[in-house]
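Below is the file upload24.cif, which contains mmCIF, C-alpha atoms.
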```cif
data_structure
loop_
_atom_site.label_atom_id
_atom_site.label_comp_id
_atom_site.auth_asym_id
_atom_site.auth_seq_id
_atom_site.Cartn_x
_atom_site.Cartn_y
_atom_site.Cartn_z
CA GLU P 1 0.00 0.00 0.00
CA ASP P 2 2.85 2.36 0.81
CA GLU P 3 4.47 1.62 -2.53
CA LEU P 4 1.15 2.21 -4.29
CA VAL P 5 0.88 5.65 -2.73
CA GLN P 6 4.40 6.34 -3.92
CA CYS P 7 3.46 5.12 -7.40
CA CYS P 8 0.74 7.73 -7.58
CA GLN P 9 2.21 10.56 -5.55
CA GLY P 10 5.95 10.09 -5.30
CA GLU P 11 8.83 7.76 -6.11
CA PRO P 12 8.32 4.02 -5.47
CA GLN P 13 11.37 1.93 -4.57
CA HIS P 14 10.53 -1.54 -5.84
CA PRO P 15 11.47 -2.12 -9.52
CA VAL P 16 8.04 -3.58 -10.36
CA MET P 17 6.28 -0.68 -8.68
CA LYS P 18 8.42 1.79 -10.59
CA GLU P 19 7.16 0.24 -13.83
CA LEU P 20 3.62 0.29 -12.49
CA GLY P 21 3.98 3.95 -11.60
CA GLN P 22 4.90 4.77 -15.18
CA THR P 23 1.84 2.88 -16.43
CA ILE P 24 -0.46 4.60 -13.94
CA ARG P 25 0.74 8.00 -15.08
CA GLU P 26 0.74 7.17 -18.79
CA TYR P 27 -2.84 5.93 -18.78
CA SER P 28 -4.18 8.07 -15.92
CA ILE P 29 -5.46 5.05 -14.01
CA PRO P 30 -7.30 6.05 -10.81
CA GLU P 31 -5.51 4.99 -7.64
CA GLU P 32 -8.80 3.94 -6.03
CA TYR P 33 -9.06 0.82 -8.21
CA PHE P 34 -5.70 -0.44 -6.94
CA GLN P 35 -6.76 0.29 -3.39
CA GLU P 36 -9.94 -1.73 -3.94
CA LEU P 37 -7.86 -4.64 -5.25
CA ILE P 38 -5.68 -4.60 -2.13
CA ALA P 39 -8.81 -4.42 0.03
CA GLY P 40 -10.13 -7.52 -1.73
CA CYS P 41 -6.90 -9.41 -1.06
CA ARG P 42 -7.17 -8.37 2.58
CA MET P 43 -10.67 -9.86 2.70
CA ASP P 44 -9.15 -13.20 1.64
CA VAL P 45 -6.80 -12.97 4.61
CA GLU P 46 -9.37 -11.84 7.16
CA LYS P 47 -12.62 -13.55 6.09
CA SER P 48 -13.62 -17.13 5.40
CA ARG P 49 -17.41 -16.67 5.23
CA TYR P 50 -19.86 -14.34 3.49
CA GLN P 51 -23.30 -13.96 4.98
CA SER P 52 -25.11 -12.46 1.99
CA PHE P 53 -24.76 -12.11 -1.75
CA GLU P 54 -24.45 -8.35 -1.31
CA GLU P 55 -21.41 -8.92 0.89
CA LEU P 56 -19.97 -11.35 -1.64
CA LYS P 57 -20.54 -8.83 -4.45
CA THR P 58 -18.32 -6.37 -2.60
CA TYR P 59 -15.56 -8.99 -2.50
CA CYS P 60 -16.01 -9.80 -6.21
CA TYR P 61 -15.90 -6.13 -7.13
CA ARG P 62 -12.65 -5.68 -5.28
CA VAL P 63 -10.77 -8.73 -6.54
CA ALA P 64 -12.18 -8.90 -10.09
CA SER P 65 -14.16 -5.87 -11.27
CA SER P 66 -11.41 -3.53 -10.09
CA VAL P 67 -8.98 -5.31 -12.42
CA GLY P 68 -11.29 -4.68 -15.35
CA LEU P 69 -11.62 -1.02 -14.41
CA ILE P 70 -7.82 -0.76 -14.20
CA CYS P 71 -7.52 -2.24 -17.70
CA LEU P 72 -10.08 0.01 -19.41
CA PRO P 73 -7.73 3.00 -19.87
CA ILE P 74 -5.01 0.66 -21.16
CA PHE P 75 -7.46 -0.80 -23.67
CA GLY P 76 -8.36 2.74 -24.74
CA CYS P 77 -11.92 2.49 -23.44
CA GLU P 78 -13.93 5.04 -21.52
CA GLY P 79 -17.48 5.88 -20.58
CA ALA P 80 -20.12 4.67 -18.16
CA GLN P 81 -21.16 1.74 -20.36
CA ALA P 82 -17.62 0.36 -20.56
CA GLU P 83 -17.26 0.70 -16.79
CA GLU P 84 -20.54 -1.13 -16.19
CA TYR P 85 -19.41 -3.88 -18.55
CA ALA P 86 -16.15 -4.26 -16.61
CA ILE P 87 -17.97 -4.37 -13.28
CA ARG P 88 -20.54 -6.94 -14.35
CA LEU P 89 -18.08 -9.11 -16.25
CA GLY P 90 -15.74 -9.12 -13.26
CA LEU P 91 -18.58 -10.27 -11.03
CA ALA P 92 -19.49 -13.06 -13.46
CA LEU P 93 -15.88 -14.24 -13.78
CA GLN P 94 -15.33 -14.31 -10.03
CA MET P 95 -18.61 -16.10 -9.38
CA THR P 96 -17.52 -18.75 -11.90
CA ASN P 97 -14.23 -19.11 -10.03
CA ILE P 98 -16.12 -19.50 -6.77
CA LEU P 99 -18.38 -22.22 -8.17
CA ARG P 100 -15.45 -24.11 -9.68
CA ASP P 101 -13.39 -23.88 -6.48
CA VAL P 102 -16.05 -24.84 -3.93
CA GLY P 103 -14.18 -28.04 -3.10
CA THR P 104 -10.71 -26.50 -3.07
CA ASP P 105 -11.87 -23.66 -0.84
CA ALA P 106 -13.70 -26.06 1.50
CA ARG P 107 -10.50 -28.02 2.05
CA ARG P 108 -8.96 -24.75 3.21
CA GLY P 109 -11.86 -24.05 5.54
CA ARG P 110 -13.29 -21.35 3.28
CA ILE P 111 -16.86 -20.91 2.07
CA TYR P 112 -17.54 -18.22 -0.51
CA LEU P 113 -21.11 -19.23 -1.29
CA PRO P 114 -23.41 -16.90 0.69
CA LEU P 115 -24.46 -18.48 3.98
CA GLU P 116 -27.97 -17.11 3.46
CA ASP P 117 -28.19 -19.33 0.36
CA LEU P 118 -26.98 -22.40 2.24
CA GLU P 119 -29.72 -21.77 4.76
CA ARG P 120 -32.30 -21.22 2.03
CA PHE P 121 -31.58 -24.63 0.51
CA HIS P 122 -31.10 -26.37 3.86
CA TYR P 123 -27.47 -27.29 3.19
CA GLN P 124 -25.21 -27.14 6.23
CA GLU P 125 -21.75 -25.60 6.40
CA LYS P 126 -20.29 -28.79 7.85
CA HIS P 127 -21.59 -30.79 4.90
CA LEU P 128 -19.91 -28.42 2.45
CA LEU P 129 -16.63 -28.65 4.36
CA GLN P 130 -16.98 -32.45 4.24
CA GLY P 131 -17.55 -32.37 0.48
CA ARG P 132 -20.95 -34.01 0.78
CA TYR P 133 -23.19 -34.16 -2.28
CA SER P 134 -26.95 -34.09 -1.83
CA GLU P 135 -30.10 -32.87 -3.51
CA SER P 136 -29.87 -29.72 -1.40
CA PHE P 137 -26.33 -29.10 -2.63
CA THR P 138 -27.39 -29.55 -6.25
CA GLU P 139 -30.25 -27.10 -5.80
CA LEU P 140 -27.92 -24.60 -4.13
CA MET P 141 -25.36 -24.83 -6.92
CA ARG P 142 -28.05 -24.64 -9.61
CA PHE P 143 -29.33 -21.45 -8.03
CA GLU P 144 -25.83 -19.91 -7.95
CA ALA P 145 -25.13 -21.00 -11.53
CA GLN P 146 -28.37 -19.47 -12.79
CA ARG P 147 -27.55 -16.26 -10.95
CA THR P 148 -24.09 -16.23 -12.53
CA GLU P 149 -25.57 -16.90 -15.98
CA GLN P 150 -27.82 -13.88 -15.56
CA ILE P 151 -24.82 -11.74 -14.71
CA TYR P 152 -23.06 -12.88 -17.90
CA GLN P 153 -26.15 -11.89 -19.86
CA MET P 154 -26.22 -8.45 -18.19
CA ALA P 155 -22.52 -7.96 -18.93
CA ALA P 156 -23.03 -8.88 -22.59
CA ALA P 157 -25.91 -6.39 -22.79
CA CYS P 158 -23.56 -3.65 -21.54
CA LEU P 159 -20.79 -4.32 -24.06
CA PRO P 160 -20.13 -0.99 -25.85
CA GLU P 161 -20.56 -1.77 -29.55
CA LYS P 162 -18.07 0.89 -30.66
CA GLN P 163 -15.38 -0.48 -28.32
CA ARG P 164 -15.66 -4.17 -29.13
CA LYS P 165 -12.19 -4.35 -30.70
CA GLN P 166 -10.49 -2.59 -27.78
CA LEU P 167 -12.21 -5.00 -25.38
CA ILE P 168 -11.15 -8.19 -27.18
CA ALA P 169 -9.11 -9.45 -24.18
CA ALA P 170 -12.06 -8.96 -21.83
CA ARG P 171 -14.43 -10.57 -24.33
CA ILE P 172 -12.18 -13.63 -24.62
CA MET P 173 -12.13 -13.90 -20.83
CA GLY P 174 -15.90 -13.68 -20.81
CA THR P 175 -16.37 -16.35 -23.47
CA THR P 176 -13.88 -18.70 -21.80
CA TYR P 177 -15.29 -18.41 -18.30
CA HIS P 178 -18.84 -18.64 -19.60
CA ALA P 179 -17.88 -21.95 -21.22
CA LEU P 180 -16.37 -23.02 -17.90
CA LEU P 181 -19.64 -22.22 -16.13
CA LYS P 182 -21.51 -24.38 -18.64
CA LYS P 183 -19.07 -27.23 -18.03
CA ILE P 184 -19.68 -26.95 -14.28
CA ILE P 185 -23.41 -27.17 -14.95
CA HIS P 186 -23.02 -30.14 -17.31
CA SER P 187 -20.91 -31.93 -14.68
CA GLU P 188 -23.94 -31.71 -12.39
CA TYR P 189 -21.83 -29.64 -10.00
CA ARG P 190 -19.27 -32.34 -9.19
CA VAL P 191 -16.89 -29.78 -7.72
CA PHE P 192 -15.54 -31.71 -4.74
CA GLY P 193 -13.21 -33.85 -6.85
CA SER P 194 -10.63 -32.79 -9.40
CA LYS P 195 -10.87 -29.20 -10.56
CA ILE P 196 -13.11 -28.67 -13.58
CA HIS P 197 -11.20 -27.01 -16.40
CA LEU P 198 -11.14 -26.40 -20.15
CA SER P 199 -8.44 -27.82 -22.39
CA LYS P 200 -5.91 -25.46 -23.95
CA THR P 201 -7.15 -26.44 -27.40
CA TYR P 202 -10.72 -25.54 -26.53
CA LYS P 203 -9.66 -22.25 -25.00
CA LEU P 204 -7.80 -21.39 -28.20
CA PHE P 205 -10.94 -22.26 -30.14
CA LEU P 206 -13.01 -19.96 -27.91
CA ALA P 207 -10.49 -17.16 -28.40
CA LEU P 208 -10.81 -17.54 -32.17
CA VAL P 209 -14.62 -17.60 -31.96
CA THR P 210 -14.53 -14.38 -29.95
CA TRP P 211 -12.01 -12.75 -32.28
CA LEU P 212 -14.42 -13.45 -35.15
CA GLY P 213 -17.23 -11.84 -33.18
CA LEU P 214 -19.26 -15.02 -32.82
CA GLU P 215 -19.36 -15.23 -29.02
CA GLU P 216 -22.94 -13.94 -28.97
CA ARG P 217 -24.05 -17.38 -30.14
CA SER P 218 -22.58 -18.85 -26.98
CA TYR P 219 -24.54 -16.46 -24.78
CA ALA P 220 -27.71 -16.91 -26.80
CA SER P 221 -27.53 -20.69 -26.51
CA SER P 222 -27.72 -20.39 -22.70
CA ARG P 223 -30.96 -18.40 -22.65
#
```

Encoding of this model in structure tokens:
Amino acid sequence: EDELVQCCQGEPQHPVMKELGQTIREYSIPEEYFQELIAGCRMDVEKSRYQSFEELKTYCYRVASSVGLICLPIFGCEGAQAEEYAIRLGLALQMTNILRDVGTDARRGRIYLPLEDLERFHYQEKHLLQGRYSESFTELMRFEAQRTEQIYQMAAACLPEKQRKQLIAARIMGTTYHALLKKIIHSEYRVFGSKIHLSKTYKLFLALVTWLGLEERSYASSR
């Protein structure tokens, strides 16, 4: 944090931070986004539970949406619509990560799924930490996956048409993680075993599809 302040207001000492400082100045990136990112990392250190989805959204904004907002000036994008796209896409990406990593996080004693949702579907914390599958768990995960799908749809609706080319990296991320979400769904939420992932070949295919501007078909097929 001290080095970040120096990046924006003075002379940082660390070689990496010196390079970052040049980038911040060149692209006029607001310091607040970096501060949000650090705050999100601090939440990982200090918290292992999230009571509500609103609380979880704050975490997702800090660790994911802030990165998108940092990248917008570098991509040459500006405007409220581009910012909303970055915020919503970041939320969708992080929610996908959370769904994929339910088992990995549980083995570390962490639960990112909102506790209010566990209660709603009558699925106990101890059962999640034990990696126990049940009908309640499936219903819980289906609910979270549908919520995440809706966020992808909202992000796609916010994509600024005139800035599609500048946002190609973000669009590829969106297409790839959206495909990962669909794979989680098709696995019937078997997330307590080996980590669900996409092959490198398939990810390259998705990147090409996005580059050609065909990713809308992927989103449309999920509606």

Running the PyMOL selection byres ((chain P and resi 183) around 12) on this model by hand, what would come out? Give it as a PyMOL selection string. chain P and resi 96+99-100+145+176-182+184-191+195-199+222

Suppose you want the space between CA of Ser65 (chain P) and CA of Arg88 (chain P); what is it in Å?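 Computing it gives 7.2 Å between the two atoms.
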
Looking at P:Gly103, P:Gln166, P:Glu139, P:Ser48, which one is nearest to His127 (chain P), with distances taken over only C-alpha atoms? P:Gly103

For Thr23 (chain P), which residue among P:Cys71, P:Arg42, P:Phe53, P:Thr58 is the nearest when counting all atoms listed in the file?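 When distances to Thr23 (chain P) are compared using all atoms listed in the file, the smallest one comes from P:Cys71.
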
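Candidate residues P:Glu161, P:Glu19, P:Glu55, P:Glu135 were compared for distance to Tyr85 (chain P), and the nearest is P:Glu161, using only C-alpha atoms.
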
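What separates CA of Leu167 (chain P) from CA of Cys7 (chain P) is a distance of 25.9 Å.
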
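Shortest atom-to-atom contact with Leu140 (chain P) among P:Ile87, P:Ala39, P:Ile74, P:Leu115: P:Leu115, counting all atoms listed in the file.
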
Within 10 Å of (-11.5, -17.8, -21.1) (file coordinates; only C-alpha atoms), which protein or nucleic acid residues are there? I'd like them as a ChimeraX atom specification. /P:93,169-180,198,200,202-204,206-207,210

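Look at Val45 (chain P): the protein and nucleic acid residues within 12 Å of it, using all atoms listed in the file and passing over chain neighbours fewer than 6 places away, are Ile38, Ala39, Tyr59 and Arg110 of chain P.
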
Skipping near chain neighbours, those fewer than 4 positions away, what residues fall within 9 Å of Phe192 (chain P) using all atoms listed in the file, listed as an NGL selection string? :P and (101-104 or 106 or 131-133)
